[in-house]
file input.tsv (TSV, C-alpha atoms)
chain	number	residue	atom	x	y	z
A	1	HIS	CA	-104.17	-99.81	-72.74
A	2	THR	CA	-100.83	-100.81	-74.25
A	3	ASN	CA	-98.37	-103.21	-72.69
A	4	VAL	CA	-94.95	-101.60	-72.63
A	5	THR	CA	-91.98	-103.88	-73.23
A	6	ILE	CA	-88.89	-102.67	-71.41
A	7	MET	CA	-85.66	-104.65	-71.15
A	8	LYS	CA	-84.64	-105.05	-67.52
A	9	PHE	CA	-80.91	-105.63	-67.57
A	10	SER	CA	-80.28	-102.24	-65.92
A	11	ARG	CA	-81.63	-100.53	-62.81
A	12	ILE	CA	-79.35	-97.50	-62.66
A	13	ALA	CA	-80.19	-93.81	-62.64
A	14	LEU	CA	-79.64	-91.90	-65.86
A	15	SER	CA	-77.38	-89.41	-64.15
A	16	LEU	CA	-75.12	-92.15	-62.81
A	17	ALA	CA	-74.82	-93.73	-66.24
A	18	ALA	CA	-73.94	-90.34	-67.65
A	19	MET	CA	-71.21	-89.97	-65.06
A	20	SER	CA	-69.78	-93.43	-65.75
A	21	ALA	CA	-69.73	-92.77	-69.49
A	22	GLY	CA	-68.08	-89.39	-69.12
A	23	VAL	CA	-70.92	-87.29	-70.53
A	24	ASN	CA	-72.78	-84.25	-69.28
A	25	GLY	CA	-76.53	-84.31	-68.74
A	26	PHE	CA	-78.92	-81.44	-69.35
A	27	SER	CA	-82.47	-81.50	-68.03
A	28	MET	CA	-85.20	-78.91	-67.90
A	29	SER	CA	-86.72	-80.44	-64.76
A	30	ARG	CA	-85.59	-78.48	-61.71
A	31	SER	CA	-87.61	-80.25	-59.03
A	32	ALA	CA	-89.43	-83.30	-60.37
A	33	SER	CA	-88.19	-86.83	-60.84
A	34	LEU	CA	-88.96	-88.75	-64.01
A	35	GLY	CA	-92.22	-90.11	-62.58
A	36	VAL	CA	-93.19	-93.35	-64.29
A	37	ARG	CA	-89.62	-94.48	-64.49
A	38	ASN	CA	-89.36	-94.54	-60.68
A	39	THR	CA	-85.80	-93.27	-60.98
A	40	ALA	CA	-85.05	-89.71	-59.98
A	41	LEU	CA	-82.04	-87.83	-61.31
A	42	ASN	CA	-80.21	-88.40	-58.05
A	43	MET	CA	-76.43	-88.17	-58.10
A	44	GLY	CA	-76.24	-89.98	-54.76
A	45	ALA	CA	-78.28	-93.03	-55.73
A	46	ALA	CA	-76.77	-96.37	-54.75
A	47	VAL	CA	-76.10	-98.93	-57.45
A	48	ASP	CA	-75.72	-102.58	-56.48
A	49	VAL	CA	-73.04	-104.87	-57.81
A	50	ASP	CA	-75.42	-107.00	-59.90
A	51	THR	CA	-76.79	-103.92	-61.64
A	52	LYS	CA	-73.31	-102.66	-62.47
A	53	ALA	CA	-72.40	-106.05	-63.90
A	54	ALA	CA	-75.58	-106.22	-65.99
A	55	LEU	CA	-75.01	-102.69	-67.27
A	56	ALA	CA	-71.43	-103.49	-68.22
A	57	THR	CA	-72.47	-106.67	-70.02
A	58	ALA	CA	-75.15	-104.90	-72.05
A	59	ALA	CA	-72.85	-102.01	-72.90
A	60	ASN	CA	-70.14	-104.37	-74.09
A	61	GLU	CA	-72.63	-106.27	-76.26
A	62	ALA	CA	-73.53	-102.99	-77.96
A	63	ARG	CA	-69.87	-102.09	-78.37
A	64	GLY	CA	-69.21	-105.43	-80.05
A	65	LEU	CA	-72.07	-104.96	-82.50
A	66	ALA	CA	-70.84	-101.48	-83.37
A	67	MET	CA	-67.23	-102.55	-83.87
A	68	ASP	CA	-68.15	-105.53	-86.06
A	69	SER	CA	-70.55	-103.53	-88.22
A	70	ILE	CA	-68.20	-100.59	-88.74
A	71	ALA	CA	-65.32	-102.95	-89.50
A	72	ALA	CA	-67.43	-104.84	-92.05
A	73	ALA	CA	-68.36	-101.59	-93.78
A	74	ALA	CA	-64.80	-100.25	-93.54
A	75	SER	CA	-66.54	-96.97	-92.82
A	76	GLY	CA	-68.24	-95.22	-89.92
A	77	HIS	CA	-67.64	-93.45	-86.64
A	78	MET	CA	-66.56	-95.66	-83.75
A	79	GLY	CA	-66.10	-93.16	-80.92
A	80	LEU	CA	-69.67	-92.42	-79.87
A	81	PRO	CA	-70.99	-96.03	-79.94
A	82	LEU	CA	-68.08	-97.14	-77.77
A	83	GLY	CA	-67.87	-94.18	-75.41
A	84	ALA	CA	-71.59	-93.75	-74.76
A	85	ALA	CA	-72.52	-97.44	-74.51
A	86	GLU	CA	-73.55	-97.15	-70.85
A	87	ILE	CA	-75.99	-94.42	-71.79
A	88	GLY	CA	-77.67	-96.76	-74.27
A	89	ALA	CA	-77.85	-99.55	-71.69
A	90	THR	CA	-79.61	-97.28	-69.24
A	91	LEU	CA	-81.96	-95.65	-71.74
A	92	TYR	CA	-83.11	-98.80	-73.50
A	93	GLY	CA	-82.67	-101.11	-70.52
A	94	ASP	CA	-84.57	-99.18	-67.88
A	95	GLN	CA	-85.07	-95.48	-68.32
A	96	MET	CA	-87.28	-95.26	-71.40
A	97	GLN	CA	-90.80	-96.61	-71.84
A	98	TYR	CA	-91.42	-98.15	-75.26
A	99	ASP	CA	-92.85	-101.17	-77.01
A	100	ALA	CA	-90.36	-102.65	-79.45
A	101	LYS	CA	-93.15	-104.65	-81.12
A	102	ASN	CA	-95.26	-101.51	-81.54
A	103	PRO	CA	-92.71	-98.77	-82.26
A	104	ASP	CA	-95.42	-96.26	-83.15
A	105	TRP	CA	-97.13	-96.45	-79.74
A	106	MET	CA	-98.08	-92.81	-79.24
A	107	ASN	CA	-96.98	-92.39	-75.61
A	108	ARG	CA	-93.55	-93.92	-76.09
A	109	ASP	CA	-90.49	-92.05	-74.93
A	110	ARG	CA	-88.56	-90.61	-77.86
A	111	PHE	CA	-84.79	-90.94	-78.34
A	112	ILE	CA	-83.04	-88.72	-80.89
A	113	LEU	CA	-79.39	-89.19	-81.81
A	114	SER	CA	-78.41	-85.64	-82.67
A	115	ALA	CA	-74.85	-86.79	-83.27
A	116	GLY	CA	-76.12	-88.84	-86.20
A	117	HIS	CA	-72.64	-89.75	-87.43
A	118	GLY	CA	-72.48	-92.20	-84.50
A	119	SER	CA	-75.43	-94.11	-85.96
A	120	MET	CA	-74.21	-97.56	-84.94
A	121	PHE	CA	-75.00	-96.49	-81.39
A	122	ILE	CA	-78.74	-96.45	-82.04
A	123	TYR	CA	-78.73	-99.40	-84.45
A	124	SER	CA	-77.00	-101.59	-81.86
A	125	TRP	CA	-79.50	-100.67	-79.16
A	126	LEU	CA	-82.54	-101.07	-81.38
A	127	ASN	CA	-81.35	-104.58	-82.19
A	128	LEU	CA	-80.70	-105.45	-78.54
A	129	ALA	CA	-83.99	-103.92	-77.43
A	130	GLY	CA	-85.98	-106.23	-79.69
A	131	TYR	CA	-86.99	-103.88	-82.48
A	132	ASP	CA	-87.42	-105.39	-85.95
A	133	LEU	CA	-83.84	-104.62	-86.92
A	134	PRO	CA	-82.19	-108.01	-87.42
A	135	ILE	CA	-78.49	-108.69	-87.11
A	136	ASP	CA	-78.18	-109.11	-90.88
A	137	GLU	CA	-79.12	-105.45	-91.28
A	138	LEU	CA	-76.36	-104.46	-88.86
A	139	LYS	CA	-73.96	-106.46	-91.01
A	140	ASN	CA	-75.15	-104.33	-93.97
A	141	PHE	CA	-74.28	-101.08	-92.24
A	142	ARG	CA	-73.87	-98.21	-94.71
A	143	GLN	CA	-74.83	-100.39	-97.68
A	144	HIS	CA	-77.29	-99.27	-100.35
A	145	HIS	CA	-80.93	-100.15	-99.53
A	146	SER	CA	-80.04	-101.39	-96.04
A	147	MET	CA	-81.99	-100.46	-92.89
A	148	THR	CA	-78.79	-99.07	-91.39
A	149	PRO	CA	-77.70	-96.01	-93.42
A	150	GLY	CA	-74.72	-93.92	-92.38
A	151	HIS	CA	-76.95	-91.45	-90.57
A	152	PRO	CA	-80.29	-92.37	-88.96
A	153	GLU	CA	-83.22	-91.71	-91.28
A	154	PHE	CA	-86.87	-91.42	-90.35
A	155	PRO	CA	-88.79	-94.26	-92.08
A	156	ASN	CA	-89.33	-93.37	-95.72
A	157	SER	CA	-89.48	-94.96	-99.16
A	158	GLU	CA	-85.74	-95.73	-99.05
A	159	HIS	CA	-85.28	-96.83	-95.45
A	160	ASN	CA	-87.81	-98.33	-93.04
A	161	THR	CA	-85.93	-98.61	-89.77
A	162	PRO	CA	-88.21	-98.91	-86.71
A	163	GLY	CA	-87.32	-96.82	-83.68
A	164	ILE	CA	-85.81	-93.92	-85.61
A	165	GLU	CA	-87.70	-90.81	-84.52
A	166	SER	CA	-85.85	-88.23	-86.59
A	167	THR	CA	-83.44	-87.99	-89.51
A	168	THR	CA	-80.20	-86.59	-88.11
A	169	GLY	CA	-77.06	-85.60	-89.95
A	170	PRO	CA	-76.43	-81.85	-89.82
A	171	LEU	CA	-74.94	-81.17	-86.40
A	172	GLY	CA	-77.25	-79.54	-83.88
A	173	GLN	CA	-80.38	-80.42	-85.83
A	174	GLY	CA	-81.29	-83.25	-83.47
A	175	VAL	CA	-81.22	-80.92	-80.46
A	176	ALA	CA	-83.75	-78.66	-82.17
A	177	ASN	CA	-85.82	-81.69	-83.23
A	178	ALA	CA	-85.88	-82.87	-79.62
A	179	VAL	CA	-87.17	-79.48	-78.49
A	180	GLY	CA	-89.91	-79.70	-81.10
A	181	PHE	CA	-90.89	-83.18	-79.91
A	182	ALA	CA	-91.02	-81.90	-76.32
A	183	VAL	CA	-93.31	-79.05	-77.35
A	184	SER	CA	-95.52	-81.50	-79.22
A	185	GLU	CA	-95.91	-83.69	-76.13
A	186	LYS	CA	-96.84	-80.72	-73.97
A	187	MET	CA	-99.44	-79.56	-76.49
A	188	ALA	CA	-100.96	-83.04	-76.79
A	189	ALA	CA	-101.06	-83.44	-73.00
A	190	ALA	CA	-102.75	-80.07	-72.56
A	191	ARG	CA	-105.37	-80.93	-75.14
A	192	TYR	CA	-106.15	-84.57	-74.42
A	193	ASN	CA	-105.19	-85.41	-70.81
A	194	THR	CA	-107.95	-85.22	-68.20
A	195	ASP	CA	-108.07	-85.50	-64.42
A	196	ASP	CA	-109.07	-89.14	-64.83
A	197	HIS	CA	-106.95	-90.16	-67.81
A	198	THR	CA	-103.32	-89.39	-68.56
A	199	ILE	CA	-102.78	-90.14	-72.23
A	200	PHE	CA	-99.54	-88.28	-72.87
A	201	ASP	CA	-96.72	-88.10	-70.32
A	202	HIS	CA	-93.65	-89.27	-72.22
A	203	HIS	CA	-90.15	-87.82	-72.23
A	204	ILE	CA	-87.73	-86.85	-74.97
A	205	TYR	CA	-84.08	-87.91	-74.77
A	206	ALA	CA	-81.36	-86.63	-77.09
A	207	LEU	CA	-77.67	-87.47	-77.30
A	208	ALA	CA	-75.49	-84.77	-78.86
A	209	GLY	CA	-71.78	-84.25	-79.45
A	210	ASP	CA	-69.38	-81.33	-79.29
A	211	GLY	CA	-70.20	-80.24	-82.82
A	212	CYS	CA	-73.93	-80.10	-82.08
A	213	PHE	CA	-73.33	-77.44	-79.44
A	214	GLN	CA	-71.25	-75.34	-81.83
A	215	GLU	CA	-74.25	-74.82	-84.07
A	216	GLY	CA	-76.59	-71.86	-83.72
A	217	VAL	CA	-79.69	-73.97	-84.31
A	218	SER	CA	-79.12	-75.89	-81.09
A	219	ALA	CA	-78.52	-72.68	-79.12
A	220	GLU	CA	-81.73	-71.06	-80.32
A	221	ALA	CA	-83.76	-74.20	-79.62
A	222	ALA	CA	-82.24	-74.62	-76.15
A	223	ALA	CA	-83.06	-71.02	-75.23
A	224	PHE	CA	-86.64	-71.55	-76.39
A	225	ALA	CA	-86.91	-74.78	-74.39
A	226	ALA	CA	-85.78	-72.97	-71.24
A	227	HIS	CA	-88.22	-70.14	-71.83
A	228	GLU	CA	-91.08	-72.62	-72.23
A	229	LYS	CA	-89.89	-74.69	-69.23
A	230	LEU	CA	-90.03	-77.98	-71.09
A	231	ASP	CA	-89.47	-80.34	-68.18
A	232	ASN	CA	-90.03	-83.41	-70.38
A	233	LEU	CA	-86.74	-82.93	-72.25
A	234	ILE	CA	-83.33	-84.41	-71.39
A	235	ILE	CA	-80.24	-83.74	-73.51
A	236	MET	CA	-76.98	-85.58	-72.97
A	237	MET	CA	-73.65	-84.27	-74.20
A	238	ASP	CA	-71.02	-86.70	-75.43
A	239	SER	CA	-68.17	-84.34	-74.60
A	240	ASN	CA	-65.04	-85.99	-75.95
A	241	GLU	CA	-63.54	-82.64	-76.96
A	242	VAL	CA	-62.78	-83.66	-80.51
A	243	THR	CA	-64.10	-82.62	-83.92
A	244	LEU	CA	-63.59	-84.10	-87.37
A	245	ASP	CA	-60.53	-82.00	-88.19
A	246	LYS	CA	-58.82	-81.34	-84.85
A	247	MET	CA	-59.28	-81.41	-81.12
A	248	ALA	CA	-62.12	-79.09	-80.14
A	249	GLU	CA	-59.80	-76.75	-78.21
A	250	TYR	CA	-58.62	-75.32	-81.53
A	251	THR	CA	-62.08	-73.97	-82.36
A	252	GLN	CA	-63.96	-73.53	-79.08
A	253	SER	CA	-63.22	-72.57	-75.49
A	254	GLU	CA	-66.64	-71.79	-74.03
A	255	ASP	CA	-68.10	-73.55	-71.00
A	256	ILE	CA	-71.21	-75.15	-72.49
A	257	ILE	CA	-72.54	-76.19	-69.10
A	258	GLN	CA	-72.48	-72.59	-67.91
A	259	ARG	CA	-74.18	-71.50	-71.13
A	260	TYR	CA	-77.05	-73.88	-70.49
A	261	ASP	CA	-77.18	-72.72	-66.87
A	262	ALA	CA	-77.62	-69.21	-68.20
A	263	TYR	CA	-80.47	-70.34	-70.46
A	264	GLY	CA	-82.24	-71.73	-67.39
A	265	TRP	CA	-81.57	-75.44	-67.72
A	266	GLU	CA	-80.78	-77.75	-64.83
A	267	THR	CA	-77.34	-79.18	-65.58
A	268	PHE	CA	-75.26	-82.10	-64.31
A	269	ASP	CA	-71.53	-82.17	-65.04
call {"tool": "encode", "arguments": {"input": "input.tsv", "output": "structure tokens"}}
result
Amino acid sequence: HTNVTIMKFSRIALSLAAMSAGVNGFSMSRSASLGVRNTALNMGAAVDVDTKAALATAANEARGLAMDSIAAAASGHMGLPLGAAEIGATLYGDQMQYDAKNPDWMNRDRFILSAGHGSMFIYSWLNLAGYDLPIDELKNFRQHHSMTPGHPEFPNSEHNTPGIESTTGPLGQGVANAVGFAVSEKMAAARYNTDDHTIFDHHIYALAGDGCFQEGVSAEAAAFAAHEKLDNLIIMMDSNEVTLDKMAEYTQSEDIIQRYDAYGWETFD
């Protein structure tokens, strides 16, 4: 048995946090709640005043860390860490199960930042969640040999950042990685879970941006996920309608929510 350390500054449903942060949520689960988290994806859930205040405080702490680190580096992407801060508060504060002192715990929930350019989002939350990512490493954001490279990198000989599940840089890649992780969990559960012992029951969360959904790799992976009915996978879309060169309306006009509906996903807009 492993003791799971979860910060408790937030008791708000994932869907409500997504709404407050202005993002869209995708989930493969059409009828089930998220079980062990005791928080169903319920758009009508009530949120008390204390919870809202705690969520806002945590989100602003993460925003401050991101702004200071990006300013110190004179480089980096500010939009996602600021705009999606409530998502991080909910994920790391209540929604996900993990052990910051044992980041390799095998039944942990996985978070993948597909929009890897917004890397200060995940670095800020790993620091606040108690992972071994000290504030001095945030101050070294984007510096050579630091634990906080410009895009998240899976621990390797160059970077050893705990809590990074996948190297993400090329847009859309993280969506496909998340689908792969979801398949892996299902395979492990089918092989090792028994009627008496549930060993694997974790969920996969991914945060993606407009550019991620322009890429074919994410479309193919999403269609596969729907076909396989991967109800352990949740993808959130940071839809700020902007790309590196111009506003997104110059290069895309599709309704991404309807596209995922057509795949067979359950969507929240």
call {"tool": "atom_distance", "arguments": {"input": "input.tsv", "atom1": "CA of Arg108 in chain A", "atom2": "CA of Met236 in chain A"}}
result
18.8 Å
call {"tool": "residues_around", "arguments": {"input": "input.tsv", "residues": "Asp132 in chain A", "least_positions_apart": "5", "cutoff": "9 Å", "atoms": "all atoms listed in the file", "output": "ChimeraX atom specification"}}
result
/A:100-101,126-127,161-163
call {"tool": "atom_distance", "arguments": {"input": "input.tsv", "atom1": "CA of Asp261 in chain A", "atom2": "CA of Gly209 in chain A"}}
result
17.9 Å
call {"tool": "closest_residue", "arguments": {"input": "input.tsv", "among": "A:Gly118, A:Gly93, A:Pro155, A:Gly172", "to": "Arg142 in chain A", "atoms": "all atoms listed in the file"}}
result
A:Gly118
call {"tool": "residues_around", "arguments": {"input": "input.tsv", "residues": "range 176-187 of chain A", "least_positions_apart": "5", "cutoff": "8 Å", "atoms": "all atoms listed in the file", "output": "list in words"}}
result
Ile112, Ser166, Phe200, Asp201, His202, His203, Ile204, Tyr205, Ala206, Val217, Ser218, Ala221, Ala222, Ala225, Leu230, Asn232 and Leu233 of chain A
call {"tool": "write_last_selection", "arguments": {"input": "input.tsv", "atoms": "C-alpha atoms", "output": "mmCIF file, in the frame of the given file"}}
result
data_model
loop_
_atom_site.group_PDB
_atom_site.id
_atom_site.type_symbol
_atom_site.label_atom_id
_atom_site.label_comp_id
_atom_site.auth_asym_id
_atom_site.auth_seq_id
_atom_site.Cartn_x
_atom_site.Cartn_y
_atom_site.Cartn_z
ATOM 1 C CA ILE A 112 -83.040 -88.720 -80.890
ATOM 2 C CA SER A 166 -85.850 -88.230 -86.590
ATOM 3 C CA PHE A 200 -99.540 -88.280 -72.870
ATOM 4 C CA ASP A 201 -96.720 -88.100 -70.320
ATOM 5 C CA HIS A 202 -93.650 -89.270 -72.220
ATOM 6 C CA HIS A 203 -90.150 -87.820 -72.230
ATOM 7 C CA ILE A 204 -87.730 -86.850 -74.970
ATOM 8 C CA TYR A 205 -84.080 -87.910 -74.770
ATOM 9 C CA ALA A 206 -81.360 -86.630 -77.090
ATOM 10 C CA VAL A 217 -79.690 -73.970 -84.310
ATOM 11 C CA SER A 218 -79.120 -75.890 -81.090
ATOM 12 C CA ALA A 221 -83.760 -74.200 -79.620
ATOM 13 C CA ALA A 222 -82.240 -74.620 -76.150
ATOM 14 C CA ALA A 225 -86.910 -74.780 -74.390
ATOM 15 C CA LEU A 230 -90.030 -77.980 -71.090
ATOM 16 C CA ASN A 232 -90.030 -83.410 -70.380
ATOM 17 C CA LEU A 233 -86.740 -82.930 -72.250
#
call {"tool": "atom_distance", "arguments": {"input": "input.tsv", "atom1": "CA of Leu207 in chain A", "atom2": "CA of Ile235 in chain A"}}
result
5.9 Å
call {"tool": "residues_around", "arguments": {"input": "input.tsv", "residues": "Tyr263 in chain A", "least_positions_apart": "3", "cutoff": "12 Å", "atoms": "only C-alpha atoms", "output": "ChimeraX atom specification"}}
result
/A:26-28,219-229,256-260,266-267
call {"tool": "residues_around", "arguments": {"input": "input.tsv", "residues": "Asn160 in chain A", "least_positions_apart": "4", "cutoff": "12 Å", "atoms": "only C-alpha atoms", "output": "list in words"}}
result
Pro103, Tyr131, Asp132, Leu133, Glu137, His145, Ser146, Met147, Thr148, Pro149, Pro152, Glu153, Phe154, Pro155, Asn156, Ile164, Glu165 and Thr167 of chain A
call {"tool": "decode", "arguments": {"input": "input.tsv", "residues": "range 106-189 of chain A", "atoms": "C-alpha atoms", "output": "short mmCIF file (atom, residue, chain, number, x, y, z; two decimals), in the first residue's frame"}}
result
data_model
loop_
_atom_site.label_atom_id
_atom_site.label_comp_id
_atom_site.auth_asym_id
_atom_site.auth_seq_id
_atom_site.Cartn_x
_atom_site.Cartn_y
_atom_site.Cartn_z
CA MET A 106 2.89 3.16 -10.48
CA ASN A 107 -0.80 3.94 -9.95
CA ARG A 108 -0.38 7.71 -9.96
CA ASP A 109 -2.52 9.82 -12.23
CA ARG A 110 -0.54 11.13 -15.18
CA PHE A 111 -0.56 14.76 -16.36
CA ILE A 112 0.84 15.60 -19.80
CA LEU A 113 1.30 19.18 -20.97
CA SER A 114 0.81 18.77 -24.70
CA ALA A 115 1.21 22.52 -25.14
CA GLY A 116 4.80 22.17 -23.96
CA HIS A 117 5.72 25.76 -24.80
CA GLY A 118 3.75 26.77 -21.68
CA SER A 119 6.17 24.78 -19.53
CA MET A 120 6.15 27.18 -16.58
CA PHE A 121 2.60 25.97 -15.98
CA ILE A 122 3.76 22.51 -14.96
CA TYR A 123 6.96 23.67 -13.25
CA SER A 124 4.98 26.04 -11.03
CA TRP A 125 2.54 23.32 -10.01
CA LEU A 126 5.20 20.71 -9.40
CA ASN A 127 6.92 23.13 -7.05
CA LEU A 128 3.69 23.99 -5.23
CA ALA A 129 2.65 20.34 -5.03
CA GLY A 130 5.80 19.41 -3.14
CA TYR A 131 7.82 17.65 -5.83
CA ASP A 132 11.60 17.89 -5.60
CA LEU A 133 11.73 20.94 -7.84
CA PRO A 134 13.04 23.76 -5.64
CA ILE A 135 12.40 27.43 -6.21
CA ASP A 136 16.02 27.96 -7.29
CA GLU A 137 15.35 25.72 -10.29
CA LEU A 138 12.35 27.85 -11.24
CA LYS A 139 14.64 30.87 -11.09
CA ASN A 140 16.91 29.03 -13.58
CA PHE A 141 14.11 28.59 -16.09
CA ARG A 142 15.43 27.94 -19.61
CA GLN A 143 19.05 27.93 -18.44
CA HIS A 144 21.56 25.29 -19.51
CA HIS A 145 21.62 22.22 -17.21
CA SER A 146 18.63 23.44 -15.20
CA MET A 147 15.69 21.22 -14.22
CA THR A 148 13.35 23.64 -15.99
CA PRO A 149 14.10 23.54 -19.75
CA GLY A 150 12.00 25.50 -22.22
CA HIS A 151 9.84 22.46 -22.96
CA PRO A 152 9.15 19.68 -20.44
CA GLU A 153 11.55 16.77 -20.83
CA PHE A 154 11.13 13.26 -19.49
CA PRO A 155 13.95 12.58 -16.98
CA ASN A 156 17.15 11.82 -18.86
CA SER A 157 20.90 12.35 -18.66
CA GLU A 158 20.48 16.10 -19.23
CA HIS A 159 17.40 16.87 -17.15
CA ASN A 160 16.01 15.03 -14.12
CA THR A 161 12.76 16.81 -13.36
CA PRO A 162 10.35 14.75 -11.23
CA GLY A 163 6.71 14.73 -12.28
CA ILE A 164 7.35 15.08 -16.00
CA GLU A 165 5.61 12.14 -17.67
CA SER A 166 6.44 12.93 -21.28
CA THR A 167 8.72 15.13 -23.36
CA THR A 168 6.48 17.58 -25.20
CA GLY A 169 7.41 20.16 -27.78
CA PRO A 170 5.98 19.34 -31.21
CA LEU A 171 2.34 20.39 -31.10
CA GLY A 172 -0.19 17.59 -30.84
CA GLN A 173 2.39 15.06 -29.68
CA GLY A 174 1.23 15.22 -26.07
CA VAL A 175 -2.35 14.35 -27.05
CA ALA A 176 -1.09 11.20 -28.75
CA ASN A 177 1.19 10.44 -25.79
CA ALA A 178 -1.80 10.74 -23.46
CA VAL A 179 -3.75 8.26 -25.56
CA GLY A 180 -0.82 5.86 -25.35
CA PHE A 181 -0.67 6.22 -21.57
CA ALA A 182 -4.42 5.55 -21.36
CA VAL A 183 -4.03 2.38 -23.42
CA SER A 184 -1.16 1.29 -21.19
CA GLU A 185 -3.28 1.69 -18.06
CA LYS A 186 -6.11 -0.33 -19.56
CA MET A 187 -3.74 -3.13 -20.56
CA ALA A 188 -2.11 -3.22 -17.12
CA ALA A 189 -5.51 -3.24 -15.40
#
